[in-house]
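Have a look at the structure below before the remarks.
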Amino acid sequence: MARSRNQSNTRDDAIRRALHRISGTAWLYVITILLGALLYISIKLFIRDVETTMWGYQQFPTNKGGADISLYVALFFPVLQMTMGALSIALFTDDDKGNDKWAYVFLGLSFVGFIFDAGTDIFFRTHLNLSFATVAFGLVETILIYTLASEVSLTIAVTGLIIVLPYFLRGILEFFRRFRTGAPSSAQINGHAPRPQQQQQRPPQQQGKPNGKQRPPNASPALLRRDPALGEIHRDLSDQGY
């Protein structure tokens with residue numbers, strides 16, 4: 001259990017490190033714009049996927065009772081497929097072996113949603129001409145366009161935007177702040193700009209230092225006689241003009 005939590009934290013940390021690395025660069029804005037475009041396109045395809053599922057379900061030779069019921073049925077199975085698929089992936093990527101049975105249960109429910117969704121799509125697109133060629137082409141179209149390009153892409157786009165948008169908004173606010181206050185200099189960008197305190201204050205040892213040479217402190221003659229070495233140093237300094 002601890003190992004699975006550590007691996008999950010490692011994955012989250014890897015995503016955060018990647019976003020932190022591209023934050024403040026053009027790549028963050030490019031990725032956000034591309035995810036937004038992917039979200040828009042996948043929503044359009046998802047709407048058509050729901051419509052084809054509804055139209056195919058309405059061709060079943062049974063009484064539906066109302067058009068709104070067909071719409072709810074058409075919405076239920078794609079949403080079931082996406083939700084159960086996401087849960088199964090989350091559990092399969094976790095090393096906690098106790099949750100493997102639920103991963104298979106969720107995967108099975110996702111497969112049920114896919115079978116109904118793809119079946120109604122093929123039923124509508126083939127116009128009841130259930131030959132091998134039409135069923136094969138309808139299945140390929142359903143998997144590529146109305147599964148990968150709509151449902152999987154919609155899940156990826158929403159997940160990516162949830163992760164990227166806080167960094168994107170923070171970058172936009174930072175951009176307007178710099179635009180209002182002025183762009184930083186190259187020295188500030190490189191981290192070599194002198195601090196204001198360093199410009200105004202001098203080191204303590206240089207404040208109040210006179211230009212001339214200072215004389216050494218006065219030493220008593222008795223002390224110089226007792227310590228010949230100190231007396232020699234005092235005479236040398238006196239000879240040099242101190």
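Please note that chains go A, B, ... in the order of the structure tokens, that every chain numbers its residues from 1, and that ligands are numbered from 1 in the order shown.
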
Would you write out, as a tab-separated table, a table of all residues in stretch 110-146 of chain A that have an atom no more than 10 Å from an atom of stretch 50-73 of chain A, listing for each the closest atom pair and the distance in Å to one decimal, considering only C-alpha atoms and ordering rows by chain and rising residue number?
```
residue	atom	partner	partner_atom	distance
A:Phe116	CA	A:Thr53	CA	8.4
A:Asp117	CA	A:Thr53	CA	6.0
A:Ala118	CA	A:Thr53	CA	7.8
A:Gly119	CA	A:Gly56	CA	8.2
A:Thr120	CA	A:Gly56	CA	4.5
A:Asp121	CA	A:Thr53	CA	5.3
A:Ile122	CA	A:Gly56	CA	7.7
A:Phe123	CA	A:Gly56	CA	5.6
A:Phe124	CA	A:Gly56	CA	4.4
A:Arg125	CA	A:Gly56	CA	8.0
A:Thr126	CA	A:Gly56	CA	9.9
A:His127	CA	A:Gly56	CA	9.2
A:Leu128	CA	A:Gln59	CA	9.2
A:Tyr146	CA	A:Val50	CA	9.1
```

Using DSSP on the backbone, list every residue of stretch 98-128 of chain A that comes out as alpha helix (DSSP H), and give them as a list in words. Asp100, Lys101, Trp102, Ala103, Tyr104, Val105, Phe106, Leu107, Gly108, Leu109, Ser110, Phe111, Val112, Gly113, Phe114, Ile115, Phe116, Asp117, Ala118, Gly119, Thr120, Asp121, Ile122, Phe123, Phe124 and Arg125 of chain A

To one decimal place, how far is atom CA of A:Leu144 from atom CA of A:Phe76 in Å?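 Spanning atom CA of A:Leu144 to atom CA of A:Phe76 is a straight-line distance of 20.3 Å.
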
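Using only C-alpha atoms, the contacts of A:Thr25 at a cut-off of 12 Å, with sequence neighbours closer than 5 positions omitted, comprise Ala18, Leu19, His20, Val30, Ile31, Thr32, Tyr167, Phe168, Arg170, Gly171, Ile172, Glu174 and Phe175 of chain A.
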
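For the atom pair formed by atom CA of A:Asp49 and atom CA of A:Thr155, the distance is 14.6 Å, given to one decimal.
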
Atom CA of A:Phe46 to atom CA of A:Gly160, straight-line distance in Å: 17.7 Å

What lies within 7 Å of stretch 79-91 of chain A using only C-alpha atoms, ignoring chain neighbours under 5 positions off, as a ChimeraX atom specification? /A:99-100,103-104,106-107,109-111,113-114,151

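With only C-alpha atoms as the atoms that count, the residue of A:Thr142, A:Thr181, A:Thr159, A:Ser150 with the shortest distance to A:Ile41 is A:Ser150.
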